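Accompanying notes for the structure given below.
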Amino acid sequence: MERILRLGTRGSPLALTQAHMVKRALEAAHGWPDTVIEIVPVKTSGDRIQDRPLAEVGGKALWTKELDLALDDRRIDFAVHSMKDVETIRPAEIVIAAMLPRADVRDRLIGAESIDAIRKDGRVGTSSPRRSAQLRRLRPDLEIVLFRGNVDTRLSRLNLGEADATLLAAAGLDRLGRADVGVPIPIETMLPAPAQGAVGIEARRDDFEVREWLAAIDDAATSASVHAERALLARLGADCGSPVAALAIPAESGMRLQAQILSPDGSESVEDAALIGTPEDATTLAAALLERASATLRAHFSG
Ligand SMILES: NCc1[nH]cc(CCC(=O)O)c1CC(=O)O
């Protein structure tokens with residue numbers, strides 16, 4: 001008999017593209033059509049509220065809450081997320097079951113050839129506390145204007161002249177067929193957000209059959225890196241309003257984890273890197289960053 005599994009996703013163009021990537025990867029791994037995968041778009045509060053910063057309106061839970069409920073109610077069997085948008089602390093009934101191979105982790109700058117080339121006292125549109133703090137650190141003269149909405153909304157606001165430049169994740173632009181848009185910012189200039197470029201799949205903890213079926217497409221290196229970046233966030237006590245950048249890159253017998261915490265205005269910044277064995281070792285680097293931070297910088301974290 002034919003088995004149907006329901007894949008829950010947000011309804012944005014990027015989310016739907018990522019949902020299709022996961023569906024294709026599962027069909028390829030299991031020999032289509034061992035199971036029919038039905039894509040179920042679920043509207044999230046994050047998609048409805050567009051005019052205020054995320055941190056102000058309830059944080060990342062806005063993107064996951066409705067999908068968490070749909071999993072719990074068995075309206076869906078698994079959920080696909082941009083790992084960057086998944087809160088650090090998840091409900092106990094939910095597990096991250098797999099991740100696709102990570103894409104380009106860098107940000108791309110649109111509207112100028114480089115951060116240095118943005119006009120003096122120019123305006124940059126972003127709603128990300130990390131991008132805003134990193135930009136202000138590199139270019140204190142720049143003004144940050146709030147840009148939210150999906151990739152196309154942001155690009156059209158740029159074209160309307162609401163800002164001189166904007167930053168978007170290369171991964172999202174590439175997946176939407178916009179590989180021609182913007183110039184990549186080297187990670188030495190702007191370290192990306194934890195989990196940027198990674199697509200993850202969550203399932204019910206007690207659904208061992210689905211978890212095992214999903215695990216067939218897990219990219220172990222991506223999972224290890226993203227779990228390390230998330231362990232760092234957890235130890236820092238960071239929320240979606242805390243400016244944090246982190247990137248773990250596979251290295252011999254483990255990973256090289258690099259991280260940065262900043263004050264929102266970019267006036268303070270602490271950076272460090274370490275070779276780690278397991279994702280949990282990231283907590284040591286987090287503790288070292290907090291140790292070196294001033295009292296005012298530490299006040300932005302609860303770890
Ligand atoms: N916060 C929105 C979001 N979540 C994931 C991506 C891009 C895809 C990715 O990082 O995997 C984006 C857009 C952006 O930051 O430009």
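Following the order of the structure tokens, chains are lettered A, B, ..., residues in each are numbered from 1, and ligands are numbered from 1.
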
Please, which residues have at least one atom within 7 Å of an atom of ligand 1, using only C-alpha atoms and all ligand atoms, listed as a PyMOL selection string? chain A and resi 82-85+151+167-169+171-172+195-199

Using only C-alpha atoms, the best pick from A:Gln18, A:Thr222, A:Ser12, A:Ser242 as closest to Gly266 of chain A would be A:Ser242

Taking only C-alpha atoms into account, which of A:Lys23, A:Arg211, A:Arg205, A:Arg119 comes nearest Pro91 of chain A?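 Under the stated criterion, the closest residue is A:Arg205.
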
Find the residues near Gly11 of chain A: any atom within 8 Å, counting only C-alpha atoms, skip ones fewer than 3 places away on the same chain, and give them as JSON, numbers by chain. {"A": [15, 16, 41, 42, 43]}

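The closest residue to Ala112 of chain A, picked from A:Asp164, A:Glu280, A:Asp152, A:Asp141 and counting only C-alpha atoms, is A:Asp164.
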
Selection near Thr35 of chain A, 9 Å with only C-alpha atoms, sequence-local residues under 2 positions removed, as a PyMOL selection string: chain A and resi 2-5+27+30-33+37

Keeping only N, CA and C atoms, write the selected residues to a file as a PDB file, in the first residue's frame.
ATOM      1  N   GLU A   2       0.341   2.268  -0.646  1.00  0.00           N
ATOM      2  CA  GLU A   2       1.075   3.529  -0.773  1.00  0.00           C
ATOM      3  C   GLU A   2       1.062   4.301   0.546  1.00  0.00           C
ATOM      4  N   ARG A   3       2.253   4.768   0.961  1.00  0.00           N
ATOM      5  CA  ARG A   3       2.329   5.573   2.183  1.00  0.00           C
ATOM      6  C   ARG A   3       2.439   7.043   1.788  1.00  0.00           C
ATOM      7  N   ILE A   4       1.690   7.884   2.499  1.00  0.00           N
ATOM      8  CA  ILE A   4       1.782   9.325   2.250  1.00  0.00           C
ATOM      9  C   ILE A   4       2.359   9.986   3.491  1.00  0.00           C
ATOM     10  N   LEU A   5       3.418  10.794   3.301  1.00  0.00           N
ATOM     11  CA  LEU A   5       3.953  11.577   4.422  1.00  0.00           C
ATOM     12  C   LEU A   5       3.796  13.045   4.081  1.00  0.00           C
ATOM     13  N   GLU A  27      13.179  11.523  -2.174  1.00  0.00           N
ATOM     14  CA  GLU A  27      12.764  10.619  -3.252  1.00  0.00           C
ATOM     15  C   GLU A  27      13.985   9.938  -3.872  1.00  0.00           C
ATOM     16  N   HIS A  30      15.487   7.278  -1.361  1.00  0.00           N
ATOM     17  CA  HIS A  30      14.665   6.102  -1.070  1.00  0.00           C
ATOM     18  C   HIS A  30      14.171   5.394  -2.316  1.00  0.00           C
ATOM     19  N   GLY A  31      14.484   5.912  -3.492  1.00  0.00           N
ATOM     20  CA  GLY A  31      14.005   5.281  -4.715  1.00  0.00           C
ATOM     21  C   GLY A  31      12.535   5.583  -4.904  1.00  0.00           C
ATOM     22  N   TRP A  32      12.270   6.695  -5.539  1.00  0.00           N
ATOM     23  CA  TRP A  32      10.897   7.134  -5.778  1.00  0.00           C
ATOM     24  C   TRP A  32      10.106   6.025  -6.445  1.00  0.00           C
ATOM     25  N   PRO A  33       8.848   5.774  -6.097  1.00  0.00           N
ATOM     26  CA  PRO A  33       8.047   6.429  -5.069  1.00  0.00           C
ATOM     27  C   PRO A  33       7.757   5.491  -3.891  1.00  0.00           C
ATOM     28  N   ILE A  37       5.322  12.076  -0.969  1.00  0.00           N
ATOM     29  CA  ILE A  37       5.510  13.217  -0.080  1.00  0.00           C
ATOM     30  C   ILE A  37       4.593  14.351  -0.524  1.00  0.00           C
TER      31      ILE A  37
END

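Here atom CA of Ala19 of chain A is placed at a distance of 9.5 Å from atom CA of Ile201 of chain A.
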
Return as CSV the residues of segment 209-245 of chain A lying at most 6 Å from segment 255-261 of chain A, together with the closest atom-to-atom pair for each and the distance in Å to one decimal, counting only C-alpha atoms, with rows in chain order and ascending residue number.
residue,atom,partner,partner_atom,distance
A:Pro243,CA,A:Ile261,CA,6.0
A:Val244,CA,A:Ile261,CA,4.7
A:Ala245,CA,A:Gln260,CA,5.1
